[in-house]
Amino acid sequence: MSHSEADGLAVRKRRATYARIAASAARLAGEQGVGNTTVDQIAQDAEVARATFFRYFDSKESAVAEGVAGPWLTLVTEAIARQPGHLPAKEALVAAFTELADQFPAHAGQIRELAGLTRGSPALAAWTARAYQRYEHAIAELLVPRIPDATERDPRQHLLAALAMASVRVSLDEWVRHEGDLPSLIHRALGSISIEPV
């Protein structure tokens with residue numbers, strides 16, 4: 001095995017371990033709450049040593065946040081990428097998030113539980129805010145080809161990405177407090193986005 005192949009294998013193993021720990025953390029926290037979930041439980045569930053856990057995460061809260069945020073980031077970027085190429089940036093965003101929102105009712109219990117976990121833990125809320133920035137960056141990159149005459153310093157893709165994530169956050173807050181139809185709330189919030197050409 002060459003040096004580069006060994007490096008590539010090591011990177012893939014680290015990513016797999018990182019994802020496994022995060023998935024265990026999110027699942028356990030969803031079942032028993034963040035406060036009742038310990039690092040030792042997460043490590044055991046992920047089949048890693050306690051010391052290994054702390055090589056990847058600085059706290060159980062950050063592991064839970066990654067376990068929540070990571071899978072949805074993949075779903076969001078894949079949904080945007082598969083929208084027809086002729087759709088402008090905003091329309092592609094609305095279509096992608098509407099498509100995802102239609103899946104939310106099937107996961108309503110988990111979404112509500114995880115939303116409660118995020119709002120009940122300051123450390124988890126802070127880490128989730130950083131995760132939202134990851135979403136925004138990934139979304140912005142996908143929107144660039146859909147913005148006519150976009151320049152290197154064009155702010156529109158970043159603003160659209162930030163507004164899309166804010167729409168989701170506002171809709172989730174509304175849904176957690178007052179229930180209602182989550183897909184409709186998200187669609188309404190996304191529909192209010194307006195970015196004029198610069």
# chains A, B, ... in the order shown; residues from 1 in each chain; ligands from 1
>>> select_by_dssp(residues="segment 42-157 of chain A", states="alpha helix (DSSP H)", output="PyMOL selection string")
chain A and resi 42-46+50-56+60-81+89-101+108-120+122-143+156-157
>>> write_last_selection(atoms="C-alpha atoms", output="tab-separated table (two decimals), in the first residue's frame")
chain	number	residue	atom	x	y	z
A	42	ILE	CA	-21.83	6.98	23.92
A	43	ALA	CA	-18.38	5.44	23.70
A	44	GLN	CA	-19.70	1.99	24.54
A	45	ASP	CA	-22.52	2.28	22.01
A	46	ALA	CA	-20.09	3.45	19.31
A	50	ARG	CA	-13.50	6.94	26.23
A	51	ALA	CA	-10.15	8.44	25.22
A	52	THR	CA	-11.08	7.97	21.57
A	53	PHE	CA	-14.32	9.85	22.12
A	54	PHE	CA	-12.37	12.88	23.34
A	55	ARG	CA	-10.06	12.75	20.35
A	56	TYR	CA	-13.10	13.56	18.21
A	60	LYS	CA	-21.20	14.94	24.76
A	61	GLU	CA	-23.20	17.98	23.64
A	62	SER	CA	-21.02	18.54	20.60
A	63	ALA	CA	-21.29	14.86	19.68
A	64	VAL	CA	-25.08	15.01	19.94
A	65	ALA	CA	-25.20	18.18	17.83
A	66	GLU	CA	-23.10	16.59	15.10
A	67	GLY	CA	-25.28	13.50	15.19
A	68	VAL	CA	-28.31	15.69	14.63
A	69	ALA	CA	-26.85	18.12	12.10
A	70	GLY	CA	-24.71	15.85	9.94
A	71	PRO	CA	-27.37	13.63	8.33
A	72	TRP	CA	-29.69	16.55	7.60
A	73	LEU	CA	-26.86	18.50	5.96
A	74	THR	CA	-26.41	15.63	3.51
A	75	LEU	CA	-30.15	15.53	2.80
A	76	VAL	CA	-30.29	19.31	2.27
A	77	THR	CA	-27.34	19.49	-0.13
A	78	GLU	CA	-28.51	16.45	-2.09
A	79	ALA	CA	-32.01	17.92	-2.42
A	80	ILE	CA	-30.65	21.22	-3.76
A	81	ALA	CA	-28.23	19.50	-6.13
A	89	ALA	CA	-31.38	30.05	-6.79
A	90	LYS	CA	-34.44	30.97	-4.71
A	91	GLU	CA	-36.78	28.64	-6.58
A	92	ALA	CA	-34.31	25.77	-6.25
A	93	LEU	CA	-34.04	26.43	-2.51
A	94	VAL	CA	-37.80	26.54	-2.02
A	95	ALA	CA	-38.28	23.35	-4.05
A	96	ALA	CA	-35.53	21.51	-2.17
A	97	PHE	CA	-36.71	22.49	1.30
A	98	THR	CA	-40.34	21.84	0.38
A	99	GLU	CA	-39.33	18.37	-0.73
A	100	LEU	CA	-37.53	17.80	2.58
A	101	ALA	CA	-40.32	19.32	4.64
A	108	ALA	CA	-42.10	14.52	13.84
A	109	GLY	CA	-41.39	12.88	17.20
A	110	GLN	CA	-37.64	12.83	16.67
A	111	ILE	CA	-37.56	16.39	15.30
A	112	ARG	CA	-39.51	17.71	18.27
A	113	GLU	CA	-37.32	15.82	20.74
A	114	LEU	CA	-34.11	17.03	19.15
A	115	ALA	CA	-35.42	20.60	18.95
A	116	GLY	CA	-36.16	20.42	22.66
A	117	LEU	CA	-32.69	19.05	23.38
A	118	THR	CA	-31.07	21.89	21.47
A	119	ARG	CA	-33.10	24.53	23.26
A	120	GLY	CA	-32.53	22.93	26.66
A	122	PRO	CA	-26.70	26.05	26.10
A	123	ALA	CA	-23.66	24.06	24.97
A	124	LEU	CA	-25.72	22.14	22.44
A	125	ALA	CA	-27.41	25.31	21.21
A	126	ALA	CA	-24.03	26.96	20.63
A	127	TRP	CA	-22.70	23.98	18.75
A	128	THR	CA	-25.89	23.78	16.67
A	129	ALA	CA	-25.48	27.44	15.72
A	130	ARG	CA	-22.06	26.60	14.33
A	131	ALA	CA	-23.60	23.66	12.47
A	132	TYR	CA	-26.09	26.04	10.86
A	133	GLN	CA	-23.12	27.99	9.53
A	134	ARG	CA	-21.85	24.79	7.92
A	135	TYR	CA	-25.25	24.36	6.27
A	136	GLU	CA	-25.17	27.94	5.01
A	137	HIS	CA	-21.68	27.56	3.52
A	138	ALA	CA	-22.58	24.29	1.77
A	139	ILE	CA	-25.85	25.72	0.44
A	140	ALA	CA	-24.18	28.92	-0.79
A	141	GLU	CA	-21.68	26.94	-2.85
A	142	LEU	CA	-24.50	25.06	-4.57
A	143	LEU	CA	-26.36	28.28	-5.38
A	156	ARG	CA	-26.53	36.87	-2.80
A	157	GLN	CA	-25.74	33.15	-2.47
>>> residues_around(residues="Arg188 of chain A", least_positions_apart="3", cutoff="10 Å", atoms="only C-alpha atoms", output="count of residues only")
11
>>> closest_residue(among="A:Leu28, A:Glu47, A:Leu87, A:Lys13", to="Pro148 of chain A", atoms="only C-alpha atoms")
A:Leu87
>>> atom_distance(atom1="atom CA of Ala19 of chain A", atom2="atom CA of Thr37 of chain A")
17.6 Å
>>> closest_residue(among="A:Ala25, A:Ala106, A:Ala10, A:Val170", to="Gln41 of chain A", atoms="only C-alpha atoms")
A:Ala25
>>> residues_around(residues="Val168 of chain A", least_positions_apart="4", cutoff="9 Å", atoms="only C-alpha atoms", output="list of chain:residue names")
A:Phe97, A:Leu163, A:Ala164, A:Leu172, A:Asp173, A:Leu185, A:Ile186, A:Ala189, A:Leu190
